[in-house]
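First up is the structure itself, then whatever we jot down about it.
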Amino acid sequence: MQTHPMRRRDLLTLSAALGLAPGALHAVTPAGGSAAPGQAIRTHALSLLGQPALPADFTHFPWVNPDAPKGGELALTALGSFDSFNQYILRGTAAVGLPLIYDTLLANSPDESSTEYPYLAQWIDLPADRLSISFDLNPAARFHDGRPVTAADVIFTFNALRTHGRPFFRSYWGDVTEVVAESPRRVTFRFRSNENRELGLILGQMPVMPAHWWEGRDFARPLLDPPLGSGPYRLERFEAGRSLVYTRVQDWWAKDIPSQKGTQNWDVQRYEYFRDTTVALEAFKAGQIDFRTENSARDWATGYDFPAMRRGLAKQDELRHELPTGMQAFAVNLRRPLFQDARVRRALIELFDFEWMNANLFYGSYTRTQSYFSNSELASSGLPSGAELAVLEPFRGRVPEEVFTTEYKLPVTDGSGNNREGLRTALRLLQAAGWRVQNRRLVGPQGQPFEFEILLQGATFERIALPYVQALERIGMSVRVRTVDPAQYQTRMDAFDYDMTVEVIPQSLSPGNEQRDFFSSAKARENGSQNVAGISDPVIDELVELVINAPDREQLVARTRALDRVLLWHNFMIPNWHSRTFRIAFWDKFGRPERNPRYGLGLETWWVDPAKDRALSDARRTL
């Protein structure tokens, strides 16, 4: 299950820090007791991994401050530009912050894995056969124009996203056969089968848009008008391509419901756009920006030594999280003939010297990523056995034999920068694939050069790509690095117009329907999908469906490990690294809860402390 569908450029900004058959979807009855499999239930919460922690009468999430004061401003950064207020379609470059405008059917709990609580939907009904799910909407729910949120709005949103939205939605909700309004405040989704264990939860993530506002507007086109929503903020004003100001809706209908109490506390949330991360960091240091997450190990170690930080007016902090870190990698485009041989792809892996980079570029702060499901029990390791081996056995002969006989390992160097063993291994692999070195150039059977381009968004990754290029050139490859702005990057990614790029595949503790978009053959051919590598393999297609339809947690783990192992042995990507903390920097004007949620940053629960804000304003005048 993917908590929030995101555009690829947003995933790259986050980096790699950062997914039921009958009886497998847990719920709590209004009285707090658990429901037996095969029994129709009415519930306030859904969970994939066990009983929800909070009862129906909970008053607020336990990590928030329910009495957090409202007021003040939060200024954040964005990169590039924007030309649309519709984040759900391929066309245009969407502005940041738009999710603030909308409410979802259910609210994700960042302190529990794959658990959702009431938001727009007040109650949930699951029939005994689990072939549908019904949501009863909160009668208090209102759009910003005062009109009620109805089942018709839910149906409009579902149809608009699945028909005109990004390809993600068609695969994510592919097992829904029908959506109907049982009454003005009750909507029912009917399913193709009862084996898709997470379908109810991912429908709960749906942002609901007003059908009446979209009348006469083309959902498939970039939107230039600030949209109407029902969420905690409205888009108050903007400067095209440069800045946006969202203001808190003072009479927001959900401000006191349990899943939202103590959140969304500032009156103004402002975004300023910058051309790259270097300029954005300088804007933070100048006091134009209040808060930033840092994804550059070098900047984290050396970039925050400025007078306000030394005086304690600005602060750095690292917040430990328990999120699966997924896969960040250099991804080759398998749609290109150059990369279709797995031996060539393994050669590219052998030439990537992580140990040198970690020591010389990252201050030793990262861990090498060894799995598509890293930092979780879902990651494969050793040799397959038990339930995982049973999953893989039917595919023997259709997957690399090493899947059964050899533990998958990435090469490890001594960190000196002299990766001779990697060069020798890569050359052997390339020669076996028909390539040879001629006049210091790597050429193929017809004399064609081994050349390609690495497409990047922004300059941050250049310092990683360029040493890698030097290693590739030592063996005779010709490699260019091309850095483009976010809008051009997104356009080229949506059209699969690249040879190699940096990809981030986020994962959760409950992988499911989103795996189709990452790895399936159908999505390899559909522009705008998240199958960046162009993976198209019938075995992987079958394994993805097995993951989606896993009947219980034990089988989910076994099937996900099997999928992970097969993906790794195909060498589709050159794995990078991950961090297990959020690195944050902020000006000291905030209050925050005593603890963070286990699976999230929790910024939406912070608030502006009036006394700190005044003190900071006074101190800044003396800088």
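Please note that chains go A, B, ... in the order of the structure tokens, that every chain numbers its residues from 1, and that ligands are numbered from 1 in the order shown.
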
Q.
I'd like to know which residues of segment 316-402 of chain A are strand (DSSP E) (by DSSP, run on the backbone); could you write them as a list in words?
A. Gln316, Asp317, Glu318, Leu319, Arg320, Met327, Gln328, Ala329, Phe330, Ala331, Val332, Thr367 and Arg368 of chain A

Any chance you could export the current selection's N, CA, C and O atoms as a CSV table (one decimal), in the first residue's frame?
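As written to disk, result-v3.csv reads:
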chain,number,residue,atom,x,y,z
A,316,GLN,N,19.4,22.3,14.1
A,316,GLN,CA,19.4,21.0,13.3
A,316,GLN,C,19.0,19.9,14.3
A,316,GLN,O,19.3,19.9,15.4
A,317,ASP,N,18.3,18.9,13.7
A,317,ASP,CA,17.9,17.7,14.5
A,317,ASP,C,17.8,16.5,13.5
A,317,ASP,O,17.5,16.7,12.3
A,318,GLU,N,18.0,15.3,14.1
A,318,GLU,CA,17.8,14.1,13.3
A,318,GLU,C,16.7,13.3,14.1
A,318,GLU,O,16.8,13.0,15.3
A,319,LEU,N,15.7,12.9,13.3
A,319,LEU,CA,14.6,12.2,13.9
A,319,LEU,C,14.6,10.8,13.3
A,319,LEU,O,14.4,10.5,12.1
A,320,ARG,N,14.8,9.8,14.2
A,320,ARG,CA,14.8,8.4,13.8
A,320,ARG,C,13.4,8.0,13.4
A,320,ARG,O,12.4,8.4,14.0
A,327,MET,N,13.8,1.6,-2.4
A,327,MET,CA,15.0,1.5,-3.3
A,327,MET,C,15.3,2.9,-4.0
A,327,MET,O,14.4,3.4,-4.7
A,328,GLN,N,16.4,3.4,-3.7
A,328,GLN,CA,16.9,4.5,-4.6
A,328,GLN,C,18.1,4.0,-5.4
A,328,GLN,O,18.9,3.2,-4.9
A,329,ALA,N,18.1,4.3,-6.7
A,329,ALA,CA,19.1,3.6,-7.5
A,329,ALA,C,19.3,4.4,-8.8
A,329,ALA,O,18.4,5.3,-9.2
A,330,PHE,N,20.4,4.2,-9.5
A,330,PHE,CA,20.5,4.5,-10.9
A,330,PHE,C,19.8,3.5,-11.7
A,330,PHE,O,20.1,2.3,-11.6
A,331,ALA,N,18.7,3.9,-12.4
A,331,ALA,CA,17.9,2.9,-13.1
A,331,ALA,C,18.1,3.1,-14.6
A,331,ALA,O,18.1,4.2,-15.2
A,332,VAL,N,18.4,1.9,-15.3
A,332,VAL,CA,18.6,1.9,-16.7
A,332,VAL,C,17.2,1.8,-17.3
A,332,VAL,O,16.3,1.3,-16.7
A,367,THR,N,23.9,3.9,4.5
A,367,THR,CA,23.9,2.5,4.4
A,367,THR,C,23.6,2.1,3.0
A,367,THR,O,22.6,2.6,2.4
A,368,ARG,N,24.3,1.1,2.5
A,368,ARG,CA,24.1,0.6,1.1
A,368,ARG,C,22.7,-0.1,1.1
A,368,ARG,O,22.4,-0.9,1.9

Checklist entry - What are the DSSP helix (DSSP H, G or I) residues of segment 120-178 of chain A, as a ChimeraX atom specification? => result /A:151-164,167-172

Practice prompt. Name all residues at most 7 Å from Thr605 of chain A (count only C-alpha atoms; drop same-chain ones fewer than 5 positions away) and give them as a ChimeraX atom specification.
Written response: /A:64,262-264,592

Keeping only all heavy atoms, take the residues you just selected and write them out as a PDB file, in the first residue's frame.
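Everything below was put into result14.pdb:
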ATOM      1  N   VAL A  64      -0.050  13.805  19.230  1.00  0.00           N
ATOM      2  CA  VAL A  64      -0.277  15.223  18.963  1.00  0.00           C
ATOM      3  C   VAL A  64      -0.542  15.972  20.267  1.00  0.00           C
ATOM      4  O   VAL A  64      -0.860  15.375  21.298  1.00  0.00           O
ATOM      5  CB  VAL A  64      -1.460  15.435  17.996  1.00  0.00           C
ATOM      6  CG1 VAL A  64      -1.318  14.582  16.747  1.00  0.00           C
ATOM      7  CG2 VAL A  64      -2.799  15.164  18.670  1.00  0.00           C
ATOM      8  N   GLY A 262      -5.473  18.974  16.775  1.00  0.00           N
ATOM      9  CA  GLY A 262      -4.072  19.249  17.084  1.00  0.00           C
ATOM     10  C   GLY A 262      -3.176  19.324  15.868  1.00  0.00           C
ATOM     11  O   GLY A 262      -1.958  19.446  16.012  1.00  0.00           O
ATOM     12  N   THR A 263      -3.739  19.271  14.678  1.00  0.00           N
ATOM     13  CA  THR A 263      -2.938  19.339  13.442  1.00  0.00           C
ATOM     14  C   THR A 263      -3.281  20.620  12.680  1.00  0.00           C
ATOM     15  O   THR A 263      -4.238  21.313  13.020  1.00  0.00           O
ATOM     16  CB  THR A 263      -3.193  18.125  12.534  1.00  0.00           C
ATOM     17  OG1 THR A 263      -4.499  18.214  11.958  1.00  0.00           O
ATOM     18  CG2 THR A 263      -3.082  16.817  13.326  1.00  0.00           C
ATOM     19  N   GLN A 264      -2.476  20.903  11.644  1.00  0.00           N
ATOM     20  CA  GLN A 264      -2.726  22.046  10.752  1.00  0.00           C
ATOM     21  C   GLN A 264      -2.878  23.326  11.565  1.00  0.00           C
ATOM     22  O   GLN A 264      -3.933  23.977  11.556  1.00  0.00           O
ATOM     23  CB  GLN A 264      -3.981  21.788   9.900  1.00  0.00           C
ATOM     24  CG  GLN A 264      -4.081  20.392   9.314  1.00  0.00           C
ATOM     25  CD  GLN A 264      -2.947  20.053   8.364  1.00  0.00           C
ATOM     26  OE1 GLN A 264      -2.160  20.911   8.002  1.00  0.00           O
ATOM     27  NE2 GLN A 264      -2.839  18.797   7.970  1.00  0.00           N
ATOM     28  N   ARG A 592       6.543  21.704  19.388  1.00  0.00           N
ATOM     29  CA  ARG A 592       6.234  20.416  18.759  1.00  0.00           C
ATOM     30  C   ARG A 592       5.893  19.388  19.824  1.00  0.00           C
ATOM     31  O   ARG A 592       6.290  19.522  20.984  1.00  0.00           O
ATOM     32  CB  ARG A 592       7.373  19.934  17.886  1.00  0.00           C
ATOM     33  CG  ARG A 592       8.753  19.915  18.514  1.00  0.00           C
ATOM     34  CD  ARG A 592       9.757  19.322  17.536  1.00  0.00           C
ATOM     35  NE  ARG A 592      11.130  19.525  17.931  1.00  0.00           N
ATOM     36  CZ  ARG A 592      12.162  18.844  17.451  1.00  0.00           C
ATOM     37  NH1 ARG A 592      11.955  17.877  16.567  1.00  0.00           N
ATOM     38  NH2 ARG A 592      13.389  19.100  17.841  1.00  0.00           N
TER      39      ARG A 592
END

Using only C-alpha atoms, which residues of segment 538-621 of chain A come within 10 Å of segment 280-294 of chain A, and what is the closest atom pair for each, with the distance in Å to one decimal? Give it as a Markdown table, sorted by chain and residue number.
| residue | atom | partner | partner_atom | distance |
| --- | --- | --- | --- | --- |
| A:Phe582 | CA | A:Thr293 | CA | 7.1 |
| A:Arg583 | CA | A:Glu294 | CA | 5.4 |
| A:Ile584 | CA | A:Thr293 | CA | 4.4 |
| A:Ala585 | CA | A:Arg292 | CA | 5.4 |
| A:Phe586 | CA | A:Phe291 | CA | 4.3 |
| A:Trp587 | CA | A:Asp290 | CA | 5.4 |
| A:Asp588 | CA | A:Asp290 | CA | 8.6 |
| A:Lys589 | CA | A:Asp290 | CA | 8.5 |
| A:Phe590 | CA | A:Asp290 | CA | 9.4 |
| A:Leu601 | CA | A:Thr293 | CA | 9.8 |
| A:Leu603 | CA | A:Phe291 | CA | 9.5 |
| A:Arg620 | CA | A:Gly287 | CA | 8.7 |

Query raised in the report: To one decimal place, how far is atom CA of Asp618 of chain A from atom CA of Thr277 of chain A in Å?
Result: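 Here the two named atoms are 28.4 Å from each other.
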
task = For Ser365 of chain A, list every protein, DNA or RNA residue within 9 Å, evaluated using only C-alpha atoms, and leave out those in the same chain fewer than 2 positions away; present the list as a PyMOL selection string.
result = chain A and resi 297+358-359+362-363+367+578-579

Next item on the list: Write out as a PyMOL selection string the residues lying within 8 Å of segment 129-138 of chain A, counting only C-alpha atoms and excluding same-chain residues fewer than 3 positions away.
Entry: chain A and resi 21-22+38-40+105+119-126+141+149-151+185-194+200

Using only C-alpha atoms, find each residue of segment 114-218 of chain A with at least one atom at most 10 Å away from an atom of segment 503-510 of chain A; report its shortest atom-to-atom pair and that distance in Å (one decimal), sort the rows by chain and rising residue number, and return the result as a tab-separated table.
residue	atom	partner	partner_atom	distance
A:Ser114	CA	A:Ser510	CA	6.7
A:Arg197	CA	A:Ser510	CA	9.8
A:Glu198	CA	A:Ser510	CA	8.4

Restricted to C-alpha atoms, what would the selected residues look like written as a CSV table (one decimal), in the first residue's frame?
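Wrote selection_21.csv, looks like this:
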chain,number,residue,atom,x,y,z
A,114,SER,CA,-1.3,0.6,7.3
A,197,ARG,CA,-6.3,-7.5,0.8
A,198,GLU,CA,-5.8,-3.7,0.8

Nearby residues (only C-alpha atoms) at most 12 Å from segment 421-423 of chain A, same-chain spacing under 4 positions excluded, as a PyMOL selection string | chain A and resi 346-354+410-415+417+427-430+470-476

Can you spit out the residues from that selection as a PDB file, in the first residue's frame, using C-alpha atoms?
ATOM      1  CA  ARG A 346      25.656  -6.305 -13.661  1.00  0.00           C
ATOM      2  CA  ALA A 347      28.793  -4.722 -15.108  1.00  0.00           C
ATOM      3  CA  LEU A 348      27.305  -1.303 -14.385  1.00  0.00           C
ATOM      4  CA  ILE A 349      26.735  -2.424 -10.785  1.00  0.00           C
ATOM      5  CA  GLU A 350      30.339  -3.635 -10.441  1.00  0.00           C
ATOM      6  CA  LEU A 351      31.658  -0.221 -11.465  1.00  0.00           C
ATOM      7  CA  PHE A 352      29.680   1.692  -8.828  1.00  0.00           C
ATOM      8  CA  ASP A 353      31.999   2.303  -5.854  1.00  0.00           C
ATOM      9  CA  PHE A 354      29.656   3.007  -2.948  1.00  0.00           C
ATOM     10  CA  LEU A 410      26.444  -6.205  -4.158  1.00  0.00           C
ATOM     11  CA  PRO A 411      30.173  -5.687  -4.671  1.00  0.00           C
ATOM     12  CA  VAL A 412      32.147  -4.177  -1.777  1.00  0.00           C
ATOM     13  CA  THR A 413      35.326  -2.186  -2.367  1.00  0.00           C
ATOM     14  CA  ASP A 414      38.067  -1.023   0.002  1.00  0.00           C
ATOM     15  CA  GLY A 415      36.986   2.603  -0.431  1.00  0.00           C
ATOM     16  CA  GLY A 417      38.847   4.712  -5.178  1.00  0.00           C
ATOM     17  CA  LEU A 427      35.119  -6.259 -18.349  1.00  0.00           C
ATOM     18  CA  ARG A 428      34.595 -10.046 -18.169  1.00  0.00           C
ATOM     19  CA  LEU A 429      30.842  -9.588 -18.096  1.00  0.00           C
ATOM     20  CA  LEU A 430      30.855  -7.138 -20.980  1.00  0.00           C
ATOM     21  CA  GLN A 470      34.679   8.459 -14.520  1.00  0.00           C
ATOM     22  CA  ALA A 471      34.575   4.787 -13.506  1.00  0.00           C
ATOM     23  CA  LEU A 472      32.463   3.907 -16.541  1.00  0.00           C
ATOM     24  CA  GLU A 473      34.809   5.781 -18.863  1.00  0.00           C
ATOM     25  CA  ARG A 474      37.827   3.846 -17.542  1.00  0.00           C
ATOM     26  CA  ILE A 475      36.409   0.763 -19.213  1.00  0.00           C
ATOM     27  CA  GLY A 476      35.759   2.567 -22.499  1.00  0.00           C
TER      28      GLY A 476
END

For Arg237 of chain A, which residue among A:Ala254, A:Ala465, A:Leu79, A:Val268 is the nearest when counting only C-alpha atoms?
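Closest to Arg237 of chain A, using only C-alpha atoms: A:Val268.
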
> Leaving out Gln448 of chain A and any residue of its chain fewer than 5 positions from it, which residues lie within 12 Å of it when counting only C-alpha atoms, given as a PyMOL selection string?
Replying inline: chain A and resi 338+434-438+441-443+477-478

Here atom CA of Arg516 of chain A and atom CA of Trp173 of chain A stand apart by 10.7 Å

At a cut-off of 8 Å, can you tabulate as a tab-separated table every residue of segment 58-122 of chain A near segment 206-212 of chain A together with its closest atom pair and the distance in Å to one decimal, using only C-alpha atoms and ordering rows by chain then number?
residue	atom	partner	partner_atom	distance
A:Tyr102	CA	A:Pro207	CA	5.8
A:Asp103	CA	A:Pro207	CA	5.5
A:Thr104	CA	A:Pro207	CA	4.2
A:Leu105	CA	A:Met206	CA	6.0
A:Leu106	CA	A:Met206	CA	8.0

- Between atom CA of Thr325 of chain A and atom CA of Asn375 of chain A, distance in Å (one decimal):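 Atom-to-atom, atom CA of Thr325 of chain A and atom CA of Asn375 of chain A are spaced 5.8 Å apart.
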